[in-house]
file data.csv (CSV, C-alpha atoms)
chain,number,residue,atom,x,y,z
A,1,MET,CA,32.5,90.3,87.8
A,2,ILE,CA,29.0,91.4,88.8
A,3,LEU,CA,27.8,88.0,87.9
A,4,LYS,CA,30.2,86.3,90.3
A,5,ILE,CA,29.1,88.6,93.1
A,6,ILE,CA,25.4,87.9,92.4
A,7,ILE,CA,26.1,84.1,92.3
A,8,GLY,CA,28.0,84.4,95.6
A,9,LEU,CA,25.2,86.4,97.2
A,10,ILE,CA,22.4,84.0,96.2
A,11,VAL,CA,24.3,80.7,97.0
A,12,GLY,CA,25.6,82.0,100.3
A,13,PHE,CA,22.4,83.5,101.4
A,14,ILE,CA,20.3,80.4,100.8
A,15,PHE,CA,23.0,78.2,102.4
A,16,GLY,CA,23.3,80.4,105.5
A,17,TYR,CA,19.5,80.8,105.8
A,18,THR,CA,18.9,77.1,105.5
A,19,LEU,CA,21.6,76.2,108.1
A,20,GLN,CA,20.1,78.6,110.6
A,21,ARG,CA,16.5,77.7,109.9
A,22,THR,CA,17.1,74.0,110.2
A,23,GLY,CA,18.9,74.5,113.5
A,24,ILE,CA,22.2,73.2,112.3
A,25,THR,CA,24.0,76.2,113.7
A,26,LYS,CA,23.0,75.4,117.3
A,27,TYR,CA,25.8,74.5,119.6
A,28,PRO,CA,23.8,71.8,121.6
A,29,ARG,CA,22.9,70.2,118.3
A,30,VAL,CA,26.5,69.9,117.0
A,31,MET,CA,27.7,68.7,120.4
A,32,GLY,CA,24.6,66.4,120.6
A,33,LEU,CA,25.7,64.8,117.3
A,34,LEU,CA,29.3,64.3,118.5
A,35,LEU,CA,28.0,62.8,121.7
A,36,LEU,CA,25.8,60.5,119.6
A,37,LYS,CA,22.6,61.8,121.3
A,38,ASP,CA,21.0,64.0,118.6
A,39,PHE,CA,21.1,62.9,115.0
A,40,LYS,CA,19.2,65.8,113.4
A,41,ILE,CA,22.4,67.1,111.7
A,42,LEU,CA,23.3,63.6,110.5
A,43,LYS,CA,19.9,63.1,109.0
A,44,PHE,CA,20.0,66.5,107.3
A,45,MET,CA,23.4,65.9,105.9
A,46,LEU,CA,22.7,62.4,104.6
A,47,THR,CA,19.4,63.6,103.0
A,48,ALA,CA,21.3,66.3,101.2
A,49,VAL,CA,24.1,63.8,100.2
A,50,THR,CA,21.6,61.2,99.0
A,51,PHE,CA,19.7,63.6,96.8
A,52,SER,CA,22.7,65.3,95.3
A,53,MET,CA,24.5,62.0,94.8
A,54,ILE,CA,21.7,60.7,92.6
A,55,GLY,CA,21.4,64.1,90.9
A,56,PHE,CA,25.2,64.5,90.2
A,57,TYR,CA,25.4,61.0,88.7
A,58,ILE,CA,22.4,61.5,86.5
A,59,LEU,CA,23.7,64.9,85.4
A,60,ASP,CA,27.1,63.3,84.7
A,61,GLY,CA,25.5,60.4,82.9
A,62,ILE,CA,23.6,62.7,80.5
A,63,GLY,CA,26.7,64.8,80.0
A,64,ILE,CA,25.6,68.1,81.6
A,65,ILE,CA,28.4,68.1,84.2
A,66,THR,CA,31.7,66.2,84.8
A,67,LEU,CA,32.2,64.8,88.2
A,68,ASN,CA,35.3,65.9,90.0
A,69,PRO,CA,35.9,63.6,92.9
A,70,LYS,CA,38.6,64.6,95.4
A,71,SER,CA,41.6,62.3,95.4
A,72,LEU,CA,42.7,60.3,98.4
A,73,ASP,CA,46.0,61.1,100.1
A,74,LEU,CA,47.4,61.1,103.6
A,75,GLY,CA,46.4,64.7,104.1
A,76,LYS,CA,42.7,63.7,103.8
A,77,LEU,CA,43.0,61.4,106.8
A,78,VAL,CA,45.3,63.6,109.0
A,79,GLY,CA,43.5,66.8,108.0
A,80,GLY,CA,40.2,65.2,108.7
A,81,LEU,CA,41.4,64.1,112.2
A,82,LEU,CA,42.7,67.6,112.9
A,83,PHE,CA,39.4,69.1,111.7
A,84,GLY,CA,37.5,66.8,114.0
A,85,VAL,CA,39.5,68.1,117.0
A,86,GLY,CA,38.5,71.7,115.9
A,87,MET,CA,34.9,70.8,115.4
A,88,GLY,CA,34.7,69.2,118.9
A,89,LEU,CA,36.3,72.2,120.6
A,90,LEU,CA,34.2,74.8,118.7
A,91,GLY,CA,30.9,73.1,118.4
A,92,TYR,CA,30.5,74.2,114.8
A,93,CYS,CA,32.2,73.8,111.4
A,94,PRO,CA,33.3,76.6,109.0
A,95,GLY,CA,29.9,77.0,107.2
A,96,THR,CA,27.9,77.1,110.4
A,97,MET,CA,30.5,79.4,111.9
A,98,LEU,CA,29.6,82.1,109.3
A,99,SER,CA,25.9,81.6,109.8
A,100,ARG,CA,26.5,81.8,113.6
A,101,ILE,CA,28.3,85.1,113.1
A,102,GLY,CA,25.1,86.4,111.4
A,103,GLU,CA,23.0,85.1,114.3
A,104,GLY,CA,25.0,87.3,116.7
A,105,LYS,CA,27.0,84.5,118.4
A,106,LYS,CA,30.1,86.4,119.5
A,107,ASP,CA,32.5,83.4,119.9
A,108,ALA,CA,32.2,82.5,116.2
A,109,TRP,CA,34.3,85.7,115.5
A,110,VAL,CA,37.1,84.3,117.7
A,111,GLY,CA,36.7,80.9,115.8
A,112,LEU,CA,37.1,82.8,112.5
A,113,ALA,CA,40.4,84.4,113.7
A,114,GLY,CA,41.6,80.9,114.8
A,115,MET,CA,40.6,79.4,111.5
A,116,VAL,CA,42.5,82.0,109.4
A,117,LEU,CA,45.6,81.4,111.6
A,118,GLY,CA,45.3,77.7,110.9
A,119,ILE,CA,45.2,78.3,107.2
A,120,LEU,CA,48.2,80.6,107.4
A,121,PHE,CA,50.1,78.0,109.4
A,122,PHE,CA,49.4,75.5,106.6
A,123,ALA,CA,50.4,78.0,103.9
A,124,ILE,CA,53.7,78.9,105.6
A,125,ASN,CA,54.6,75.2,106.0
A,126,ILE,CA,53.3,74.1,102.6
A,127,SER,CA,56.5,72.4,101.4
A,128,PHE,CA,56.5,70.2,104.5
A,129,PHE,CA,52.9,69.2,104.1
A,130,LYS,CA,53.2,68.7,100.4
A,131,THR,CA,56.1,66.3,100.6
A,132,HIS,CA,54.7,64.4,103.6
A,133,PHE,CA,50.9,64.4,103.1
A,134,LYS,CA,50.2,65.0,99.5
A,135,ALA,CA,52.9,63.1,97.7
A,136,LYS,CA,51.1,59.9,97.0
A,137,SER,CA,47.5,60.0,96.0
A,138,VAL,CA,44.7,57.8,94.5
A,139,SER,CA,42.2,59.7,92.4
A,140,GLY,CA,38.7,59.0,91.5
A,141,ASP,CA,35.4,57.9,93.1
A,142,ILE,CA,34.5,54.5,94.6
A,143,SER,CA,33.3,53.1,91.4
A,144,GLU,CA,36.6,53.8,89.7
A,145,ALA,CA,38.6,52.4,92.6
A,146,LEU,CA,36.6,49.2,92.8
A,147,GLY,CA,36.0,48.9,89.0
A,148,ILE,CA,32.3,48.6,89.5
A,149,HIS,CA,29.8,50.6,87.3
A,150,PRO,CA,28.5,53.7,89.1
A,151,TRP,CA,24.9,52.6,88.5
A,152,ILE,CA,25.5,49.7,90.8
A,153,ILE,CA,27.4,51.7,93.4
A,154,VAL,CA,25.0,54.7,93.5
A,155,PRO,CA,21.9,52.7,94.5
A,156,VAL,CA,23.8,50.7,97.0
A,157,ALA,CA,25.2,53.9,98.6
A,158,ALA,CA,21.7,55.5,98.5
A,159,ILE,CA,20.2,52.5,100.3
A,160,LEU,CA,23.0,52.6,102.9
A,161,PHE,CA,22.5,56.3,103.5
A,162,ILE,CA,18.7,55.9,103.8
A,163,SER,CA,19.0,53.0,106.2
A,164,ILE,CA,21.3,55.1,108.4
A,165,ILE,CA,18.8,58.0,108.3
A,166,TYR,CA,16.0,55.5,109.1
A,167,PHE,CA,17.7,53.9,112.1
A,168,ALA,CA,18.9,57.2,113.5
A,169,HIS,CA,15.4,58.5,113.2
A,170,LYS,CA,13.9,55.4,114.9
A,171,LYS,CA,16.4,55.0,117.7
A,172,VAL,CA,17.0,58.6,118.8
A,173,ASP,CA,14.6,61.3,119.6
A,174,ASP,CA,16.0,64.7,118.7
A,175,PHE,CA,13.7,66.5,121.2
A,176,LYS,CA,15.1,65.1,124.4
A,177,GLN,CA,17.2,67.3,126.7
A,178,ASN,CA,20.8,66.2,126.3
A,179,PHE,CA,22.5,68.8,128.5
B,1,MET,CA,-7.6,52.4,112.4
B,2,GLY,CA,-4.0,51.8,113.1
B,3,LEU,CA,-2.9,53.6,109.9
B,4,VAL,CA,-5.0,56.6,110.8
B,5,TYR,CA,-3.4,56.7,114.2
B,6,ASN,CA,0.0,56.4,112.7
B,7,LEU,CA,-0.6,59.2,110.2
B,8,LYS,CA,-2.0,61.4,113.0
B,9,SER,CA,1.0,60.8,115.2
B,10,TYR,CA,3.3,61.4,112.3
B,11,SER,CA,1.7,64.7,111.4
B,12,MET,CA,1.9,65.7,115.0
B,13,GLN,CA,5.5,64.9,115.0
B,14,MET,CA,6.1,67.0,111.9
B,15,LYS,CA,4.3,69.9,113.7
B,16,LYS,CA,6.5,69.5,116.7
B,17,THR,CA,9.6,69.5,114.4
B,18,GLN,CA,8.4,72.7,112.8
B,19,ASN,CA,8.2,74.4,116.1
B,20,GLY,CA,10.8,77.0,115.4
B,21,GLU,CA,12.9,74.9,113.1
B,22,TRP,CA,12.6,73.3,109.7
B,23,HIS,CA,12.4,69.6,109.4
B,24,TRP,CA,15.8,68.0,108.6
B,25,PHE,CA,14.3,66.6,105.4
B,26,LYS,CA,13.3,70.1,104.1
B,27,GLY,CA,16.7,71.5,104.9
B,28,GLY,CA,18.5,68.5,103.3
B,29,VAL,CA,16.5,68.8,100.1
B,30,ILE,CA,17.1,72.6,99.8
B,31,VAL,CA,20.9,72.1,100.3
B,32,SER,CA,21.1,69.3,97.8
B,33,LEU,CA,19.2,71.4,95.2
B,34,LEU,CA,21.6,74.3,96.0
B,35,ALA,CA,24.7,72.0,95.6
B,36,MET,CA,23.5,70.7,92.2
B,37,ALA,CA,22.5,74.1,90.9
B,38,THR,CA,25.8,75.6,91.9
B,39,TYR,CA,27.8,72.8,90.3
B,40,VAL,CA,25.9,73.2,87.0
B,41,VAL,CA,26.2,77.0,87.0
B,42,PHE,CA,29.9,77.0,87.9
B,43,GLN,CA,30.6,74.4,85.2
B,44,ALA,CA,28.5,76.3,82.6
B,45,LEU,CA,30.5,79.5,83.4
B,46,SER,CA,33.7,77.2,83.1
B,47,TYR,CA,35.1,77.8,86.5
B,48,LYS,CA,36.2,74.2,86.0
B,49,SER,CA,34.1,71.8,88.0
B,50,TYR,CA,34.3,73.8,91.2
B,51,PRO,CA,32.1,72.4,93.9
B,52,PHE,CA,30.9,75.1,96.3
B,53,GLY,CA,32.9,75.1,99.6
B,54,ILE,CA,33.4,77.3,102.5
B,55,THR,CA,37.1,76.6,103.1
B,56,ALA,CA,38.0,78.8,100.1
B,57,SER,CA,36.1,81.7,101.6
B,58,PHE,CA,38.3,81.6,104.7
B,59,GLY,CA,41.3,81.1,102.4
B,60,SER,CA,40.5,84.5,100.8
B,61,ILE,CA,40.7,86.1,104.2
B,62,ALA,CA,44.2,84.6,104.5
B,63,THR,CA,45.2,86.3,101.2
B,64,VAL,CA,44.8,89.7,102.9
B,65,PHE,CA,47.9,88.9,104.9
B,66,GLN,CA,50.0,89.4,101.7
B,67,VAL,CA,49.8,93.1,102.4
B,68,PRO,CA,51.7,93.2,105.7
B,69,PHE,CA,53.8,90.1,104.9
B,70,ALA,CA,55.2,90.4,101.4
B,71,SER,CA,56.8,87.0,101.5
B,72,LEU,CA,53.3,85.4,101.5
B,73,ALA,CA,52.6,86.7,98.0
B,74,GLU,CA,55.0,84.0,96.7
B,75,ASN,CA,53.3,81.3,98.7
B,76,PRO,CA,51.6,78.7,96.5
B,77,VAL,CA,48.6,78.3,98.8
B,78,ILE,CA,47.9,82.0,99.0
B,79,GLN,CA,48.5,82.3,95.3
B,80,LYS,CA,46.0,79.6,94.7
B,81,TYR,CA,43.3,81.4,96.7
B,82,SER,CA,43.9,84.8,95.2
B,83,ASN,CA,44.2,83.6,91.5
B,84,SER,CA,41.2,81.2,91.6
B,85,PRO,CA,38.5,82.2,89.1
B,86,ALA,CA,35.9,81.7,91.8
B,87,ALA,CA,37.8,83.9,94.3
B,88,LEU,CA,35.2,86.7,94.1
B,89,ILE,CA,32.4,84.2,94.7
B,90,SER,CA,34.2,82.8,97.8
B,91,ILE,CA,34.7,86.3,99.2
B,92,THR,CA,31.1,87.2,98.6
B,93,MET,CA,30.0,84.0,100.2
B,94,LEU,CA,31.8,85.0,103.4
B,95,PHE,CA,29.3,87.8,103.8
B,96,SER,CA,26.3,86.2,102.3
B,97,VAL,CA,26.3,83.1,104.5
B,98,ALA,CA,26.5,85.3,107.5
B,99,LEU,CA,23.7,87.5,106.1
B,100,GLY,CA,21.6,84.4,105.5
B,101,GLY,CA,22.0,83.4,109.1
B,102,PHE,CA,21.2,86.9,110.2
B,103,ALA,CA,18.1,87.1,108.0
B,104,ALA,CA,16.8,83.7,109.1
B,105,ALA,CA,17.2,84.6,112.8
B,106,LYS,CA,15.6,88.1,112.4
B,107,ILE,CA,12.7,87.1,110.2
B,108,ASN,CA,11.7,84.2,112.4
B,109,ASN,CA,12.2,86.1,115.7
B,110,ASN,CA,14.9,83.9,117.1
B,111,TYR,CA,17.8,86.3,116.9
B,112,ALA,CA,19.5,85.7,120.3
B,113,PRO,CA,23.0,87.1,120.5
B,114,GLU,CA,25.2,85.4,123.0
B,115,ILE,CA,28.8,85.6,124.1
B,116,ILE,CA,29.2,82.0,125.3
B,117,PRO,CA,26.9,79.1,124.4
B,118,ALA,CA,24.5,78.4,127.3
B,119,VAL,CA,25.5,74.7,127.4
B,120,TRP,CA,29.2,75.6,127.7
B,121,LYS,CA,28.4,78.0,130.6
B,122,LYS,CA,26.5,75.4,132.4
B,123,TYR,CA,29.3,72.8,132.3
B,124,HIS,CA,32.4,74.9,132.2
B,125,GLY,CA,31.5,78.2,133.9
B,126,PRO,CA,31.1,81.7,132.6
B,127,ALA,CA,34.9,82.5,132.3
B,128,LEU,CA,35.3,84.2,129.0
B,129,TRP,CA,39.0,83.3,128.6
B,130,LYS,CA,38.3,79.6,129.0
B,131,ARG,CA,35.8,79.5,126.1
B,132,TYR,CA,37.7,81.9,123.9
B,133,LEU,CA,41.0,80.0,124.4
B,134,THR,CA,39.2,76.8,123.4
B,135,VAL,CA,37.6,78.5,120.4
B,136,ILE,CA,40.8,80.0,119.1
B,137,VAL,CA,42.7,76.7,119.5
B,138,GLY,CA,39.7,74.9,117.9
B,139,GLY,CA,39.6,77.4,115.1
B,140,PHE,CA,43.3,76.8,114.4
B,141,PHE,CA,42.8,73.1,114.1
B,142,LEU,CA,39.6,73.6,112.0
B,143,GLY,CA,41.5,75.8,109.5
B,144,TRP,CA,44.6,73.7,109.4
B,145,GLY,CA,42.6,70.5,109.1
B,146,SER,CA,40.3,71.8,106.4
B,147,VAL,CA,43.1,73.0,104.1
B,148,LEU,CA,45.1,69.8,104.7
B,149,ALA,CA,42.0,67.7,103.9
B,150,SER,CA,41.2,70.1,101.0
B,151,GLY,CA,37.7,70.8,102.3
B,152,CYS,CA,35.5,71.2,105.3
B,153,THR,CA,32.1,69.7,106.0
B,154,THR,CA,30.6,71.5,103.1
B,155,GLY,CA,33.2,70.5,100.5
B,156,ASN,CA,34.0,67.0,101.8
B,157,ILE,CA,30.6,65.8,103.0
B,158,LEU,CA,27.9,67.7,101.3
B,159,GLN,CA,29.8,67.7,98.0
B,160,GLY,CA,32.5,65.1,98.3
B,161,TRP,CA,30.3,62.3,99.7
B,162,ALA,CA,27.7,63.1,97.0
B,163,HIS,CA,30.5,62.5,94.4
B,164,LEU,CA,31.5,59.3,96.3
B,165,SER,CA,35.1,60.6,96.3
B,166,LEU,CA,37.5,58.3,97.9
B,167,GLY,CA,39.3,61.2,99.6
B,168,SER,CA,36.2,62.8,100.9
B,169,LEU,CA,34.8,59.6,102.3
B,170,VAL,CA,38.0,59.2,104.4
B,171,ALA,CA,38.1,62.9,105.4
B,172,GLY,CA,34.4,63.1,106.3
B,173,ALA,CA,34.6,59.9,108.4
B,174,SER,CA,37.7,61.1,110.2
B,175,PHE,CA,36.0,64.4,111.1
B,176,PHE,CA,33.8,62.4,113.4
B,177,VAL,CA,36.5,60.1,114.9
B,178,THR,CA,38.3,62.9,116.7
B,179,GLY,CA,35.2,65.0,117.0
B,180,ILE,CA,33.4,62.3,119.0
B,181,ILE,CA,36.5,61.9,121.3
B,182,VAL,CA,36.8,65.6,122.0
B,183,ALA,CA,33.1,66.0,122.7
B,184,LYS,CA,33.3,63.1,125.1
B,185,ILE,CA,36.2,64.7,126.9
B,186,LEU,CA,34.4,68.1,127.1
B,187,TYR,CA,31.1,66.6,128.2
B,188,PRO,CA,31.8,63.3,130.0
B,189,LYS,CA,28.5,63.4,132.0
B,190,ALA,CA,26.1,64.8,129.4
B,191,GLY,CA,23.2,62.4,129.6
B,192,GLY,CA,20.0,61.8,127.6
B,193,GLN,CA,17.4,62.4,130.2
B,194,LYS,CA,13.9,63.1,128.9
B,195,SER,CA,12.9,66.6,129.6
call {"tool": "encode", "arguments": {"input": "data.csv", "output": "structure tokens"}}
result
Amino acid sequence: MILKIIIGLIVGFIFGYTLQRTGITKYPRVMGLLLLKDFKILKFMLTAVTFSMIGFYILDGIGIITLNPKSLDLGKLVGGLLFGVGMGLLGYCPGTMLSRIGEGKKDAWVGLAGMVLGILFFAINISFFKTHFKAKSVSGDISEALGIHPWIIVPVAAILFISIIYFAHKKVDDFKQNF
Amino acid sequence: MGLVYNLKSYSMQMKKTQNGEWHWFKGGVIVSLLAMATYVVFQALSYKSYPFGITASFGSIATVFQVPFASLAENPVIQKYSNSPAALISITMLFSVALGGFAAAKINNNYAPEIIPAVWKKYHGPALWKRYLTVIVGGFFLGWGSVLASGCTTGNILQGWAHLSLGSLVAGASFFVTGIIVAKILYPKAGGQKS
């Protein structure tokens, strides 16, 4: 039990610290990303994704971990679209919301209340969402779906992510005043 | 000569980036190491292959509502959150992520409490109710959407994209579809003038 608390403390602290320190919690940065004018968050995200993707597939390959890809269902698409509306209105996502609370941004507390209401709304109507959005699902990662070996997909995805980072970095200056 | 100039301008650019903030590359590497370490530790402790996510932390707040509303105790979603082997980790993370943000701001002298984001004030006025109404509605969509898509940006992008999960790729991409539309509606005139 103590172990779980210690893990939670370390993981959360490093995560919250990094988000704040990298400037991911800033309202103008998130809105700048959604207005396609500031790609710092995108570059940060894709850097993290590229490194962990390679790491996860190596760790899976040598048998230390088992990958657990999330399956595809209608809820992923509809939920993702709803989430996007929320992210646009708030100017932050759940992780940065918590970090922003620590930073002393008062409106994140209101966002937290809204978020809990949203989860409760889902919980109360679970049978409806389950039958309409979760009934049919396709499991697995891209390599399983396409039937191509992960060691071909992973380098291709890495090159794709790195090219997006490269072009975002070349084309857009994160230091300009957007607002 | 050209190379020296390029290196010089690059290091100047790095310095400019470090002016108050970490470079995106540094932040990205730290988060990826964190994601991998957490995954390995969770699996070693046999909490199944539980990727770290923040949605579950908010889910654990929702479980508190079992106390006033007894019917919720039977609810499968609430049950899932309260019986998860990682529930205690999720609850702890609720506080530790905020603590991390607080420490980062305090240690580096940019702790700046605010009630409404300055950009919002500039475009939509200082009215408190306007911002708070937007935030509570936005929060509702954020919570509803993240449980329906089984994960938020942390779970579906930082973890799900790294696993190349079919579901996460769809969810993560759709975050931006509506996010971009809403941002454009809120800030139709925001330009990219050089400061």
call {"tool": "closest_residue", "arguments": {"input": "data.csv", "among": "A:Asn178, A:Ala108, A:Lys134, A:Gly32", "to": "chain B", "atoms": "only C-alpha atoms"}}
result
A:Asn178
call {"tool": "closest_residue", "arguments": {"input": "data.csv", "among": "A:Ile126, A:Met115, A:Ala158, A:Ile24", "to": "chain B", "atoms": "only C-alpha atoms"}}
result
A:Met115
call {"tool": "atom_distance", "arguments": {"input": "data.csv", "atom1": "CA of Ser174 in chain B", "atom2": "CA of Leu81 in chain A"}}
result
5.2 Å
call {"tool": "residues_around", "arguments": {"input": "data.csv", "residues": "range 33-43 of chain A", "least_positions_apart": "3", "cutoff": "9 Å", "atoms": "all atoms listed in the file", "output": "ChimeraX atom specification"}}
result
/A:22-24,28-30,46-48,88,91,162,164-166,168-169,172-176,178 /B:23-25,28,176,179-184,187,190-192
call {"tool": "atom_distance", "arguments": {"input": "data.csv", "atom1": "CA of Pro85 in chain B", "atom2": "CA of Ala56 in chain B"}}
result
11.5 Å
call {"tool": "atom_distance", "arguments": {"input": "data.csv", "atom1": "CA of Lys122 in chain B", "atom2": "CA of Gly84 in chain A"}}
result
23.1 Å
